[in-house]
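Here's input_11.tsv, which has TSV, C-alpha atoms:
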chain	number	residue	atom	x	y	z
T	1	MET	CA	-37.82	10.20	-9.82
T	2	LYS	CA	-35.84	13.42	-9.55
T	3	LEU	CA	-32.45	13.17	-7.86
T	4	HIS	CA	-31.24	15.70	-5.31
T	5	PRO	CA	-29.01	18.26	-7.18
T	6	PHE	CA	-25.97	17.24	-5.11
T	7	LEU	CA	-26.48	13.54	-5.92
T	8	SER	CA	-27.09	14.19	-9.59
T	9	LYS	CA	-23.82	16.17	-9.80
T	10	THR	CA	-21.92	13.45	-7.95
T	11	CYS	CA	-23.33	10.83	-10.34
T	12	ALA	CA	-22.25	12.97	-13.29
T	13	ASP	CA	-18.75	13.27	-11.77
T	14	ALA	CA	-18.62	9.49	-11.25
T	15	GLY	CA	-19.36	9.09	-14.94
T	16	GLY	CA	-16.65	11.60	-15.77
T	17	PHE	CA	-14.22	9.72	-13.55
T	18	ALA	CA	-15.01	6.48	-15.39
T	19	LEU	CA	-14.07	8.24	-18.64
T	20	LEU	CA	-10.82	9.55	-17.13
T	21	LEU	CA	-10.03	6.05	-15.87
T	22	SER	CA	-10.60	4.54	-19.32
T	23	GLY	CA	-8.34	7.20	-20.83
T	24	ALA	CA	-5.66	6.50	-18.21
T	25	VAL	CA	-5.77	2.74	-18.98
T	26	CYS	CA	-5.25	3.48	-22.71
T	27	ILE	CA	-2.44	5.99	-22.05
T	28	GLY	CA	-0.76	3.63	-19.56
T	29	LEU	CA	-0.79	0.73	-22.03
T	30	LEU	CA	0.38	2.98	-24.87
T	31	VAL	CA	3.27	4.46	-22.86
T	32	ASN	CA	4.29	0.94	-21.86
T	33	GLN	CA	4.67	0.00	-25.53
T	34	PHE	CA	7.42	2.61	-25.93
T	35	ARG	CA	9.45	1.64	-22.86
T	36	ASP	CA	12.88	0.02	-23.13
T	37	HIS	CA	11.82	-2.49	-20.48
T	38	GLN	CA	8.12	-3.12	-21.02
T	39	LEU	CA	6.13	-4.10	-17.97
T	40	PRO	CA	4.40	-7.44	-18.65
T	41	LEU	CA	0.64	-7.41	-18.11
T	42	THR	CA	0.89	-10.04	-15.38
T	43	TYR	CA	2.99	-9.23	-12.32
T	44	VAL	CA	6.09	-11.31	-11.59
T	45	SER	CA	7.53	-11.00	-8.07
T	46	LYS	CA	11.10	-9.81	-7.43
T	47	ALA	CA	12.21	-13.36	-6.62
T	48	GLY	CA	10.37	-14.64	-9.71
T	49	ARG	CA	12.21	-12.16	-11.91
T	50	VAL	CA	15.58	-13.28	-10.52
T	51	GLU	CA	14.58	-16.90	-11.14
T	52	ASP	CA	13.63	-16.05	-14.74
T	53	ALA	CA	17.00	-14.34	-15.23
T	54	VAL	CA	18.80	-17.38	-13.78
T	55	LYS	CA	16.94	-19.71	-16.17
T	56	GLN	CA	17.84	-17.47	-19.10
T	57	ILE	CA	21.52	-17.46	-18.09
T	58	GLN	CA	21.45	-21.25	-17.70
T	59	VAL	CA	19.96	-21.64	-21.19
T	60	VAL	CA	22.64	-19.36	-22.66
T	61	SER	CA	25.40	-21.15	-20.70
T	62	GLU	CA	24.26	-24.58	-21.84
T	63	SER	CA	24.33	-23.42	-25.45
T	64	ARG	CA	27.96	-22.26	-25.06
T	65	PRO	CA	30.35	-25.22	-25.46
T	66	GLU	CA	33.01	-23.80	-23.07
T	67	THR	CA	30.58	-23.48	-20.16
T	68	ALA	CA	28.16	-26.33	-20.89
T	69	GLN	CA	30.44	-28.86	-19.22
T	70	ASN	CA	30.80	-26.82	-16.00
T	71	ALA	CA	27.08	-26.17	-15.80
T	72	THR	CA	26.24	-29.84	-15.59
T	73	VAL	CA	29.00	-30.74	-13.12
T	74	GLN	CA	28.33	-28.14	-10.42
T	75	SER	CA	25.52	-28.46	-7.92
T	76	ALA	CA	23.79	-25.71	-5.98
T	77	ALA	CA	24.81	-24.95	-2.39
T	78	PRO	CA	22.51	-22.75	-0.31
T	79	PRO	CA	23.94	-19.32	0.60
T	80	GLN	CA	25.06	-18.79	4.17
T	81	ASP	CA	24.64	-15.72	6.34
T	82	ILE	CA	27.76	-14.02	7.71
T	83	SER	CA	28.29	-11.44	10.43
T	84	LEU	CA	29.88	-8.02	10.05
T	85	ASP	CA	33.17	-9.27	11.56
T	86	ASP	CA	33.44	-12.18	9.12
T	87	PHE	CA	32.41	-9.97	6.22
T	88	ARG	CA	35.04	-7.41	7.18
T	89	GLN	CA	37.76	-10.07	7.22
T	90	TYR	CA	36.92	-11.03	3.64
T	91	VAL	CA	36.93	-7.35	2.63
T	92	ASP	CA	40.27	-6.66	4.34
T	93	LYS	CA	41.95	-9.74	2.86
T	94	LYS	CA	40.38	-9.05	-0.56
T	95	ASP	CA	39.37	-12.68	-0.54
T	96	GLY	CA	36.64	-13.40	-3.11
T	97	LEU	CA	34.21	-11.01	-4.75
T	98	ILE	CA	31.99	-8.54	-2.93
T	99	LEU	CA	28.73	-7.89	-4.73
T	100	ASP	CA	26.46	-4.93	-4.05
T	101	ALA	CA	22.86	-5.96	-4.80
T	102	ARG	CA	21.41	-2.46	-4.37
T	103	PRO	CA	20.31	-0.36	-7.35
T	104	GLU	CA	23.35	1.07	-9.14
T	105	ILE	CA	22.66	4.64	-8.07
T	106	PHE	CA	23.19	3.70	-4.41
T	107	HIS	CA	26.37	1.83	-5.32
T	108	ARG	CA	27.71	4.97	-6.98
T	109	LEU	CA	26.92	7.07	-3.93
T	110	GLY	CA	28.90	4.81	-1.62
T	111	HIS	CA	29.83	1.16	-1.29
T	112	VAL	CA	32.04	-1.29	0.57
T	113	PRO	CA	35.65	-0.98	-0.73
T	114	GLY	CA	36.20	-3.27	-3.70
T	115	ALA	CA	32.50	-4.13	-4.10
T	116	LEU	CA	31.12	-4.62	-7.60
T	117	SER	CA	27.65	-3.45	-8.52
T	118	PHE	CA	25.27	-6.37	-9.04
T	119	PRO	CA	21.76	-4.86	-8.82
T	120	ARG	CA	19.05	-7.40	-8.15
T	121	GLU	CA	16.73	-5.71	-10.63
T	122	ASP	CA	19.21	-6.19	-13.51
T	123	PHE	CA	20.43	-9.64	-12.53
T	124	ASP	CA	20.92	-10.86	-16.12
T	125	ALA	CA	22.70	-7.70	-17.28
T	126	ALA	CA	24.91	-7.60	-14.17
T	127	TYR	CA	25.78	-11.27	-14.57
T	128	ALA	CA	26.66	-10.79	-18.23
T	129	LYS	CA	28.92	-7.87	-17.31
T	130	LEU	CA	30.71	-9.73	-14.49
T	131	ARG	CA	30.69	-13.16	-16.15
T	132	PRO	CA	34.48	-13.22	-16.79
T	133	VAL	CA	35.42	-12.52	-13.16
T	134	LEU	CA	32.65	-14.71	-11.78
T	135	GLU	CA	33.27	-17.75	-13.95
T	136	LYS	CA	37.05	-17.55	-13.55
T	137	ASP	CA	36.70	-19.53	-10.35
T	138	LYS	CA	33.32	-20.85	-9.29
T	139	THR	CA	34.61	-21.83	-5.86
T	140	GLN	CA	35.78	-18.33	-4.87
T	141	PRO	CA	33.76	-16.75	-2.06
T	142	LEU	CA	30.96	-14.45	-3.25
T	143	LEU	CA	29.79	-12.01	-0.61
T	144	VAL	CA	26.51	-10.28	-1.32
T	145	TYR	CA	25.02	-7.35	0.55
T	146	CYS	CA	22.22	-4.83	0.02
T	147	ALA	CA	20.82	-1.97	2.09
T	148	GLY	CA	20.27	-4.06	5.22
T	149	GLY	CA	17.21	-4.08	7.49
T	150	GLU	CA	14.20	-5.32	5.53
T	151	CYS	CA	16.13	-5.53	2.24
T	152	GLU	CA	15.81	-8.91	0.50
T	153	ASP	CA	17.85	-8.13	-2.60
T	154	SER	CA	21.08	-9.70	-1.31
T	155	GLN	CA	19.30	-12.96	-0.46
T	156	MET	CA	17.66	-13.11	-3.90
T	157	VAL	CA	20.94	-12.42	-5.72
T	158	ALA	CA	22.73	-14.98	-3.53
T	159	ASP	CA	20.04	-17.59	-4.23
T	160	GLY	CA	20.34	-16.89	-7.95
T	161	LEU	CA	24.12	-17.26	-7.91
T	162	SER	CA	23.83	-20.41	-5.90
T	163	LYS	CA	21.47	-21.87	-8.51
T	164	LEU	CA	24.04	-20.99	-11.16
T	165	GLY	CA	26.46	-23.36	-9.46
T	166	TYR	CA	28.50	-21.06	-7.21
T	167	ARG	CA	29.40	-23.03	-4.12
T	168	ARG	CA	30.57	-20.42	-1.65
T	169	VAL	CA	27.93	-17.71	-1.60
T	170	PHE	CA	27.51	-15.63	1.56
T	171	VAL	CA	24.91	-13.05	2.50
T	172	PHE	CA	25.82	-10.14	4.75
T	173	LYS	CA	22.33	-9.39	6.12
T	174	GLY	CA	23.39	-6.29	8.02
T	175	GLY	CA	24.16	-4.73	4.67
T	176	TRP	CA	25.14	-1.17	3.97
T	177	ASP	CA	23.27	0.14	7.05
T	178	GLU	CA	25.39	-1.92	9.44
T	179	TRP	CA	28.62	-1.23	7.55
T	180	ASP	CA	27.93	2.51	7.52
T	181	ALA	CA	26.82	2.56	11.17
T	182	ALA	CA	30.15	0.95	12.14
T	183	HIS	CA	31.96	3.89	10.40
T	184	LEU	CA	33.95	1.51	8.22
T	185	PRO	CA	35.72	2.74	5.08
T	186	GLU	CA	33.68	3.30	1.95
T	187	GLU	CA	34.31	3.91	-1.72
T	188	LYS	CA	32.45	6.09	-4.20
T	189	THR	CA	32.20	5.68	-7.94
T	190	GLU	CA	32.67	8.90	-9.90
V	1	MET	CA	-19.91	43.87	23.45
V	2	GLY	CA	-22.20	42.58	20.74
V	3	CYS	CA	-21.15	41.24	17.33
V	4	ARG	CA	-21.44	43.65	14.51
V	5	PRO	CA	-23.52	42.22	11.63
V	6	PRO	CA	-21.34	41.61	8.54
V	7	THR	CA	-21.56	44.25	5.90
V	8	GLY	CA	-21.56	43.61	2.13
V	9	GLY	CA	-17.91	44.73	1.93
V	10	GLU	CA	-16.81	42.20	4.57
V	11	ASP	CA	-18.64	39.43	2.72
V	12	ARG	CA	-16.83	40.33	-0.47
V	13	VAL	CA	-13.43	40.25	1.31
V	14	LYS	CA	-14.26	36.89	2.87
V	15	GLY	CA	-15.45	35.56	-0.47
V	16	ARG	CA	-12.23	36.69	-2.19
V	17	LEU	CA	-10.08	35.23	0.58
V	18	ARG	CA	-11.96	31.91	0.31
V	19	ASN	CA	-11.47	31.89	-3.45
V	20	TRP	CA	-7.74	32.47	-3.04
V	21	ILE	CA	-7.49	29.66	-0.50
V	22	LEU	CA	-9.39	27.42	-2.93
V	23	VAL	CA	-6.91	28.23	-5.68
V	24	ILE	CA	-3.91	27.63	-3.39
V	25	VAL	CA	-5.29	24.27	-2.18
V	26	ARG	CA	-6.00	23.27	-5.77
V	27	LEU	CA	-2.48	24.20	-6.91
V	28	ILE	CA	-0.80	22.39	-4.01
V	29	ALA	CA	-2.90	19.28	-4.74
V	30	ALA	CA	-2.02	19.60	-8.44
V	31	GLY	CA	1.69	19.69	-7.57
V	32	VAL	CA	1.40	16.64	-5.34
V	33	PHE	CA	-0.53	14.63	-7.96
V	34	LEU	CA	1.82	15.63	-10.80
V	35	TYR	CA	4.92	14.76	-8.77
V	36	ALA	CA	3.48	11.46	-7.52
V	37	GLY	CA	2.27	10.48	-11.00
V	38	TRP	CA	5.61	11.29	-12.65
V	39	GLN	CA	7.65	9.37	-10.06
V	40	LYS	CA	5.50	6.29	-10.62
V	41	LEU	CA	5.45	6.68	-14.40
V	42	ILE	CA	9.24	6.60	-14.69
V	43	ALA	CA	9.63	3.50	-12.50
V	44	PRO	CA	6.64	1.21	-13.20
V	45	GLN	CA	8.32	-1.99	-12.02
V	46	GLU	CA	9.21	-0.51	-8.63
V	47	PHE	CA	5.68	0.83	-8.32
V	48	ALA	CA	4.25	-2.60	-9.19
V	49	ASP	CA	6.45	-4.10	-6.45
V	50	ASN	CA	5.09	-1.49	-4.03
V	51	ILE	CA	1.50	-2.40	-4.96
V	52	ALA	CA	2.26	-6.11	-4.57
V	53	ALA	CA	3.63	-5.46	-1.07
V	54	TYR	CA	0.17	-4.30	0.05
V	55	GLN	CA	-1.18	-7.81	-0.73
V	56	LEU	CA	-4.56	-6.39	-1.72
V	57	LEU	CA	-4.80	-6.97	-5.46
V	58	PRO	CA	-4.72	-10.25	-7.36
V	59	VAL	CA	-1.49	-10.87	-9.32
V	60	GLN	CA	-3.31	-10.32	-12.65
V	61	ALA	CA	-4.41	-6.80	-11.64
V	62	ILE	CA	-1.13	-5.46	-10.16
V	63	ASN	CA	0.66	-4.41	-13.35
V	64	ILE	CA	-2.48	-3.00	-14.98
V	65	PHE	CA	-2.99	-0.88	-11.86
V	66	ALA	CA	0.70	0.14	-11.91
V	67	LEU	CA	0.36	1.25	-15.53
V	68	THR	CA	-2.98	3.03	-15.06
V	69	LEU	CA	-2.56	4.99	-11.84
V	70	PRO	CA	0.36	7.24	-12.93
V	71	PRO	CA	-1.42	8.62	-16.05
V	72	LEU	CA	-4.60	9.04	-14.01
V	73	GLU	CA	-2.70	11.04	-11.37
V	74	LEU	CA	-1.07	13.13	-14.10
V	75	ILE	CA	-4.41	13.84	-15.82
V	76	VAL	CA	-6.06	14.84	-12.53
V	77	GLY	CA	-2.98	16.91	-11.60
V	78	CYS	CA	-3.13	18.75	-14.95
V	79	LEU	CA	-6.88	19.41	-14.59
V	80	LEU	CA	-6.35	20.78	-11.07
V	81	LEU	CA	-3.44	22.91	-12.28
V	82	ILE	CA	-5.14	24.54	-15.26
V	83	GLY	CA	-8.52	24.76	-13.56
V	84	PHE	CA	-10.38	22.94	-16.33
V	85	GLN	CA	-13.26	20.69	-15.18
V	86	ARG	CA	-12.40	21.64	-11.59
V	87	ARG	CA	-15.34	19.78	-10.05
V	88	LEU	CA	-14.54	16.55	-11.87
V	89	ALA	CA	-10.83	16.92	-11.02
V	90	ALA	CA	-11.59	17.46	-7.33
V	91	PHE	CA	-14.04	14.51	-7.31
V	92	SER	CA	-11.46	12.22	-8.96
V	93	ALA	CA	-8.74	13.35	-6.56
V	94	VAL	CA	-10.98	12.71	-3.53
V	95	LEU	CA	-11.92	9.26	-4.89
V	96	MET	CA	-8.27	8.31	-5.38
V	97	ILE	CA	-7.36	9.57	-1.92
V	98	VAL	CA	-10.14	7.41	-0.43
V	99	VAL	CA	-8.66	4.36	-2.22
V	100	PHE	CA	-5.15	5.23	-0.95
V	101	PHE	CA	-6.55	5.71	2.56
V	102	VAL	CA	-8.16	2.24	2.54
V	103	ALA	CA	-4.91	0.65	1.28
V	104	LEU	CA	-2.75	2.45	3.86
V	105	ALA	CA	-5.15	1.77	6.75
V	106	SER	CA	-5.38	-1.92	5.87
V	107	ALA	CA	-1.56	-2.19	5.66
V	108	ILE	CA	-1.23	-0.56	9.10
V	109	ALA	CA	-3.97	-2.80	10.53
V	110	ARG	CA	-2.17	-5.90	9.21
V	111	GLY	CA	1.16	-4.71	10.66
V	112	LEU	CA	2.90	-4.59	7.27
V	113	ASN	CA	6.26	-2.82	7.29
V	114	ILE	CA	6.29	-1.66	3.70
V	115	ASP	CA	7.18	1.31	1.56
V	116	CYS	CA	4.12	3.51	1.05
V	117	GLY	CA	4.87	3.83	-2.68
V	118	CYS	CA	3.07	7.17	-2.72
V	119	PHE	CA	5.88	8.98	-4.56
V	120	GLY	CA	7.60	6.13	-6.32
V	121	SER	CA	10.07	3.97	-4.47
V	122	GLU	CA	11.05	5.15	-1.02
V	123	THR	CA	12.59	3.36	1.90
V	124	SER	CA	10.13	1.98	4.44
V	125	THR	CA	10.44	3.69	7.78
V	126	LYS	CA	8.85	2.82	11.10
V	127	TYR	CA	6.19	5.53	10.91
V	128	GLY	CA	6.19	5.89	7.11
V	129	LEU	CA	2.69	4.48	6.64
V	130	TRP	CA	1.27	6.55	9.50
V	131	LEU	CA	2.76	9.73	8.04
V	132	ALA	CA	1.37	8.82	4.62
V	133	LEU	CA	-2.05	8.24	6.21
V	134	LEU	CA	-1.97	11.63	7.94
V	135	ARG	CA	-0.90	13.33	4.70
V	136	ASP	CA	-3.70	11.49	2.92
V	137	CYS	CA	-6.29	12.67	5.48
V	138	ALA	CA	-5.15	16.30	5.19
V	139	MET	CA	-5.18	16.21	1.40
V	140	GLY	CA	-8.52	14.39	1.34
V	141	ALA	CA	-10.18	16.92	3.66
V	142	ALA	CA	-8.82	19.88	1.68
V	143	LEU	CA	-9.90	18.41	-1.67
V	144	LEU	CA	-13.33	17.45	-0.33
V	145	TRP	CA	-13.78	21.10	0.66
V	146	VAL	CA	-12.73	22.14	-2.86
V	147	TYR	CA	-15.23	19.67	-4.33
V	148	LEU	CA	-18.10	20.85	-2.13
V	149	ARG	CA	-17.29	24.48	-3.00
V	150	GLU	CA	-17.29	23.61	-6.69
V	151	ILE	CA	-20.71	21.96	-6.29
V	152	ALA	CA	-22.01	25.04	-4.48
V	153	ILE	CA	-20.64	27.33	-7.22
V	154	SER	CA	-22.26	25.22	-9.95
V	155	GLN	CA	-25.71	25.34	-8.26
V	156	PRO	CA	-28.13	27.57	-10.17
V	157	LYS	CA	-28.81	30.79	-8.25
V	158	PRO	CA	-32.37	30.93	-6.82
V	159	VAL	CA	-34.61	33.26	-8.76
V	160	VAL	CA	-35.98	35.99	-6.48
V	161	ASP	CA	-39.53	36.79	-7.25
V	162	ALA	CA	-39.84	40.55	-7.02
V	163	GLY	CA	-43.47	40.29	-6.57
For the structure just supplied, provide its representation as structure tokens.
Amino acid sequence: MKLHPFLSKTCADAGGFALLLSGAVCIGLLVNQFRDHQLPLTYVSKAGRVEDAVKQIQVVSESRPETAQNATVQSAAPPQDISLDDFRQYVDKKDGLILDARPEIFHRLGHVPGALSFPREDFDAAYAKLRPVLEKDKTQPLLVYCAGGECEDSQMVADGLSKLGYRRVFVFKGGWDEWDAAHLPEEKTE
Amino acid sequence: MGCRPPTGGEDRVKGRLRNWILVIVRLIAAGVFLYAGWQKLIAPQEFADNIAAYQLLPVQAINIFALTLPPLELIVGCLLLIGFQRRLAAFSAVLMIVVFFVALASAIARGLNIDCGCFGSETSTKYGLWLALLRDCAMGAALLWVYLREIAISQPKPVVDAG
């Protein structure tokens, strides 16, 4: 049976596309091999990645004699939501630590005064960097915020910190959007 | 006033104009595909999160798709840019746009408020998916025209029997 010329060309192009697709799979996998942070072949959700980081930190903490004792004593307390007014009081009094769960680039562009960058995506690296100030007092208030609106990063970071034994973890759901909309002071990192 | 029948000269001008429009459409599409592919290639985890937000693919397929689509977009973008295998490039671009259209339309139909993920990680806006869908339709229509033109060009010219 002879195909219509249009159909025969489309079939040939479909075959060509299949070849391009195969090539793209090979290139994609090859490029992934040379990345600093390789993407695993099976997807892990954002919350799953934070949980993995928390488990890794717990394993490392348990292996360190100075923190092993604390790790077993403390129990997790669920994070609580706080309003802009309450959050502002903590910021003004410089009571506790303010953690910015947004990607670091956004933190550099502008953040709540005194906030430390704690990007959700690099939970383990951020925790390792801030470990001395965090573990100095596990009962100090930790106030976490992200972009606001639909952003879930602050909740995930807060949940992770809570699992690591921090007892006073708060989530400012309004986040940067609400802070910025209220024309409150901001800091920039050079 | 009656219409004047087109002369050979007018046909040539129209043909040239059409060819220039074809080239411009192809180059714009190449730019869009190259930019989109590069943005996804440099941030594969964010792109995988964007794909997951559509809730269309099984977990096992998300990262493979996130690793495959950027090189595919870059290859197609390069082919469109240099004009090599133009018909295949246009076909591949149209096929990908159809897939994006289905994903976007299904997300809108399910009321998902997500980042389109078309050009790497963006912030989700109220009409973001609708705008992406409109952009997709425009690009799809333009590239389909390019593809159909390429098919017409590649048709063998009918042999005129002089008698």
For chain T, report every residue with an atom at most 10 Å from chain V (counting only C-alpha atoms), formatted as a VMD selection string.
chain T and resid 5 to 6 9 to 10 12 to 18 20 to 32 35 37 to 46 121 147 149 to 151
Counting all atoms listed in the file, which residue out of T:Leu116, T:Leu130, T:Ile82, T:Leu142 sits closest to Asp95 in chain T?
T:Leu142
For CA of Val169 in chain T and CA of Ser83 in chain T, the interatomic separation in Å (one decimal):
13.6 Å
Between CA of Asp177 in chain T and CA of Gly165 in chain T, what is the distance in Å, rounded to a tenth?
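Here the two named atoms are 28.9 Å from each other.
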